[in-house]
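> Next comes coords.cif, mmCIF, C-alpha atoms:
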```
data_model
#
loop_
_atom_site.label_atom_id
_atom_site.label_comp_id
_atom_site.auth_asym_id
_atom_site.auth_seq_id
_atom_site.Cartn_x
_atom_site.Cartn_y
_atom_site.Cartn_z
CA MET A 253 111.61 162.41 87.70
CA ASN A 254 112.84 164.96 90.21
CA ASN A 255 114.98 162.90 92.57
CA LEU A 256 118.69 163.08 91.70
CA GLU A 257 119.28 159.39 92.41
CA THR A 258 116.29 158.38 90.28
CA ILE A 259 117.49 160.48 87.36
CA CYS A 260 120.99 158.96 87.66
CA LEU A 261 119.57 155.44 87.54
CA HIS A 262 116.63 155.74 85.17
CA GLY A 263 116.81 159.04 83.29
CA GLY A 264 116.63 158.86 79.51
CA HIS A 265 115.62 155.20 79.38
CA THR A 266 112.38 153.28 79.34
CA PRO A 267 112.69 149.48 79.39
CA ASP A 268 111.64 147.97 76.08
CA SER A 269 108.56 145.78 76.15
CA ALA A 270 110.34 142.85 74.49
CA SER A 271 112.88 142.24 77.27
CA ASN A 272 111.63 144.35 80.21
CA ALA A 273 115.31 144.68 81.16
CA ARG A 274 115.95 147.50 83.62
CA ALA A 275 119.59 148.00 82.57
CA VAL A 276 120.37 150.08 79.50
CA PRO A 277 121.55 147.80 76.70
CA VAL A 278 125.03 148.43 75.35
CA TYR A 279 124.83 148.72 71.57
CA ARG A 280 128.23 147.63 70.28
CA THR A 281 127.63 148.34 66.64
CA SER A 282 129.02 150.84 64.20
CA SER A 283 126.15 150.81 61.72
CA PHE A 284 122.38 150.48 61.68
CA VAL A 285 119.76 149.05 59.32
CA PHE A 286 117.58 151.38 57.27
CA LYS A 287 113.94 150.54 56.46
CA ASP A 288 114.51 151.47 52.82
CA THR A 289 116.46 153.94 50.69
CA GLU A 290 114.00 156.74 51.42
CA HIS A 291 114.49 156.23 55.16
CA ALA A 292 118.27 156.32 54.70
CA ALA A 293 118.06 159.47 52.57
CA ASN A 294 115.88 161.20 55.18
CA LEU A 295 118.30 160.30 57.98
CA PHE A 296 121.36 161.54 56.09
CA ALA A 297 119.51 164.74 55.08
CA LEU A 298 118.58 165.25 58.77
CA LYS A 299 114.90 165.32 57.84
CA GLU A 300 114.31 162.46 60.27
CA LEU A 301 116.02 161.66 63.57
CA GLY A 302 117.51 158.21 63.91
CA ASN A 303 120.63 156.10 64.10
CA ILE A 304 122.97 156.26 61.13
CA TYR A 305 126.46 155.50 62.40
CA SER A 306 127.71 155.10 65.98
CA ARG A 307 130.20 157.98 65.78
CA ILE A 308 127.23 160.25 65.04
CA MET A 309 124.60 158.71 67.31
CA ASN A 310 124.27 155.51 69.31
CA PRO A 311 121.29 154.47 71.50
CA THR A 312 123.54 153.77 74.51
CA GLN A 313 125.21 157.17 74.21
CA ASP A 314 121.80 158.79 73.71
CA VAL A 315 120.66 157.53 77.14
CA LEU A 316 123.79 158.97 78.76
CA GLU A 317 123.24 162.33 77.06
CA GLN A 318 119.59 162.42 78.13
CA ARG A 319 120.55 161.61 81.73
CA VAL A 320 123.20 164.31 81.88
CA ALA A 321 120.78 166.85 80.38
CA SER A 322 118.12 165.83 82.93
CA LEU A 323 120.53 166.24 85.83
CA ASP A 324 121.15 169.86 84.82
CA ASN A 325 117.60 170.56 83.61
CA GLY A 326 119.13 171.12 80.20
CA ALA A 327 117.60 170.72 76.78
CA ALA A 328 120.36 168.39 75.58
CA ALA A 329 123.86 167.12 76.28
CA LEU A 330 126.70 165.84 74.15
CA ALA A 331 128.94 162.94 75.16
CA LEU A 332 132.35 162.90 73.51
CA SER A 333 135.19 160.42 73.48
CA SER A 334 137.80 162.67 75.10
CA GLY A 335 138.29 165.81 77.11
CA THR A 336 140.21 167.35 74.24
CA SER A 337 137.20 166.84 71.98
CA ALA A 338 134.92 168.35 74.62
CA ILE A 339 137.14 171.42 74.92
CA PHE A 340 137.24 171.88 71.14
CA TYR A 341 133.45 171.52 70.78
CA THR A 342 132.94 174.05 73.57
CA VAL A 343 135.30 176.67 72.16
CA ILE A 344 134.20 176.27 68.54
CA ASN A 345 130.54 176.69 69.55
CA LEU A 346 131.12 179.73 71.76
CA CYS A 347 133.76 181.55 69.73
CA GLN A 348 134.13 182.72 66.18
CA ALA A 349 137.00 184.04 64.08
CA GLY A 350 138.53 187.11 65.69
CA ASP A 351 137.57 186.16 69.26
CA GLU A 352 140.04 185.82 72.10
CA ILE A 353 139.88 183.53 75.12
CA VAL A 354 141.81 183.42 78.38
CA SER A 355 143.29 180.18 79.67
CA ALA A 356 145.61 179.01 82.40
CA ASN A 357 149.12 178.36 81.10
CA ASN A 358 149.60 175.11 83.05
CA LEU A 359 147.43 172.83 80.91
CA TYR A 360 147.57 169.22 79.81
CA GLY A 361 149.83 169.13 76.73
CA GLY A 362 147.05 168.29 74.27
CA SER A 363 144.90 171.16 75.52
CA PHE A 364 147.81 173.59 75.33
CA THR A 365 148.54 172.50 71.75
CA GLN A 366 144.89 172.94 70.85
CA PHE A 367 144.80 176.48 72.26
CA ASN A 368 148.28 177.49 71.09
CA ASP A 369 148.47 175.84 67.65
CA ILE A 370 145.06 174.66 66.43
CA LEU A 371 142.63 177.42 67.46
CA PRO A 372 144.76 180.13 65.79
CA GLN A 373 144.04 178.32 62.49
CA PHE A 374 140.40 179.35 63.12
CA ASN A 375 141.58 182.89 63.99
CA ILE A 376 140.79 182.33 67.69
CA LYS A 377 143.55 183.65 69.94
CA THR A 378 144.32 182.33 73.41
CA ASN A 379 145.82 184.59 76.06
CA PHE A 380 147.64 182.39 78.56
CA VAL A 381 147.85 183.49 82.20
CA ASP A 382 149.49 182.15 85.32
CA SER A 383 146.59 180.60 87.25
CA ASN A 384 148.44 181.24 90.52
CA ASP A 385 148.73 184.94 89.67
CA PRO A 386 146.11 185.83 87.02
CA GLU A 387 146.77 189.60 87.36
CA LYS A 388 150.43 189.09 86.39
CA ASP A 389 151.21 190.28 82.87
#
```
How would this structure read if it were set down as structure tokens?


Amino acid sequence: MNNLETICLHGGHTPDSASNARAVPVYRTSSFVFKDTEHAANLFALKELGNIYSRIMNPTQDVLEQRVASLDNGAAALALSSGTSAIFYTVINLCQAGDEIVSANNLYGGSFTQFNDILPQFNIKTNFVDSNDPEKD
């Protein structure tokens, strides 16, 4: 699939042979069935890929992540429930204790709190700048 529109519509999903439905099903479930205790143990030990709990992985969310990754020719993508979560995941994966980041000072309140109050608990410092005058001290 190389066409942008095709990827947007069909990326990450193959219709199942039981229904032949073109639309991605919406799985509104929190939990999934395990074949047996060994299967469950393998999933929880990350020895086998599969659905465990919807906050960790959900087939509907998996299709979205595959589509987004395909659009950017990426290896993978991660869909999160909020922008604040996305910001935290980004920073915590790029930074480590002792690092410093630069951010605009005119942020959404939750983002400002995250940078100003939460990240310092991980020894990650944020230097806030005026986005209208970034050279200003």

> I need the output of the PyMOL selection byres ((chain A and resi 271-282) around 6) for this file as a list in words; which residues are they?

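After applying the PyMOL selection byres ((chain A and resi 271-282) around 6), what remains is Pro267, Asp268, Ser269, Ala270, Ser283, Tyr305, Ser306 and Thr312 of chain A.
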
> Next, dump the selected residues to file, keeping only C-alpha atoms, as a PDB file, in the frame of the given file.


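New file out.pdb:
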```
ATOM      1  CA  PRO A 267     112.690 149.480  79.390  1.00  0.00           C
ATOM      2  CA  ASP A 268     111.640 147.970  76.080  1.00  0.00           C
ATOM      3  CA  SER A 269     108.560 145.780  76.150  1.00  0.00           C
ATOM      4  CA  ALA A 270     110.340 142.850  74.490  1.00  0.00           C
ATOM      5  CA  SER A 283     126.150 150.810  61.720  1.00  0.00           C
ATOM      6  CA  TYR A 305     126.460 155.500  62.400  1.00  0.00           C
ATOM      7  CA  SER A 306     127.710 155.100  65.980  1.00  0.00           C
ATOM      8  CA  THR A 312     123.540 153.770  74.510  1.00  0.00           C
TER       9      THR A 312
END
```

> Around segment 259-275 of chain A, fit a box with edges along x, y and z, padding it by 6 Å on each side, then list its centre and edge lengths in Å to one decimal as AutoDock Vina command-line options.


```
--center_x 114.8 --center_y 151.4 --center_z 81.1 --size_x 24.4 --size_y 30.2 --size_z 25.2
```

> For atom CA of Phe374 of chain A and atom CA of Ala327 of chain A, quote the distance in Å rounded to one decimal.

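So the answer is 27.9 Å.
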
> Quick one: everything within 9 Å of Asn303 of chain A, counting all atoms listed in the file, minus sequence neighbours fewer than 4 positions away in the same chain. Send it as a list in words.

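Answer for this query is Ser283, Phe284, Val285, Phe286, Leu295, Ile308, Met309, Asn310 and Pro311 of chain A.
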
> Using all atoms listed in the file, list the residues that have an atom at most 8 Å from (119.5, 161.2, 77.6), coordinates as in the file, as a ChimeraX atom specification.

/A:263-265,313-322,328-329

> One number please: atom CA of Ile353 of chain A to atom CA of Asn325 of chain A, in Å, one decimal.

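So the answer is 27.1 Å.
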
> At what distance in Å, to one decimal, does atom CA of Phe380 of chain A lie from atom CA of Phe364 of chain A?

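For atom CA of Phe364 of chain A relative to atom CA of Phe380 of chain A, the distance reads 9.4 Å.
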
> If we count only C-alpha atoms and set the cut-off at 7 Å, which residues sit around Phe367 of chain A, ignoring sequence neighbours fewer than 4 positions away in its own chain? Please answer as a list in words.

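Residues near the query, excluding close chain neighbours: Ser363, Leu371 and Thr378 of chain A.
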
> Near segment 346-351 of chain A, counting all atoms listed in the file, which residues have an atom at most 9 Å away, once you skip same-chain residues fewer than 2 positions from it, shown as JSON, numbers by chain?

{"A": [341, 342, 343, 344, 353, 372, 374, 375, 376, 377, 378]}

> From the options A:Thr266, A:Thr365, A:Thr289, A:Asn379, which residue's atoms come nearest to Phe340 of chain A, counting all atoms listed in the file?

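Using all atoms listed in the file, the shortest distance to Phe340 of chain A belongs to A:Thr365.
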
> With 7 Å as the threshold, what does the neighbourhood of (117.8, 166.9, 86.8) contain in terms of residues, counting all atoms listed in the file? Coordinates are those of the file; answer as a PDB file with C-alpha atoms, in the coordinates of the input.


```pdb
ATOM      1  CA  ASN A 254     112.840 164.960  90.210  1.00  0.00           C
ATOM      2  CA  LEU A 256     118.690 163.080  91.700  1.00  0.00           C
ATOM      3  CA  ILE A 259     117.490 160.480  87.360  1.00  0.00           C
ATOM      4  CA  SER A 322     118.120 165.830  82.930  1.00  0.00           C
ATOM      5  CA  LEU A 323     120.530 166.240  85.830  1.00  0.00           C
ATOM      6  CA  ASP A 324     121.150 169.860  84.820  1.00  0.00           C
ATOM      7  CA  ASN A 325     117.600 170.560  83.610  1.00  0.00           C
TER       8      ASN A 325
END
```

> Please provide the set of residues having any atom within 6 Å of Asp382 of chain A, restricted to all atoms listed in the file, with same-chain residues fewer than 4 positions apart removed, written as a count of residues only.

3

> Which one of A:Ser337, A:Ser383, A:Asn368, A:Asn294 sits closest to Glu352 of chain A if you count all atoms listed in the file?

A:Asn368
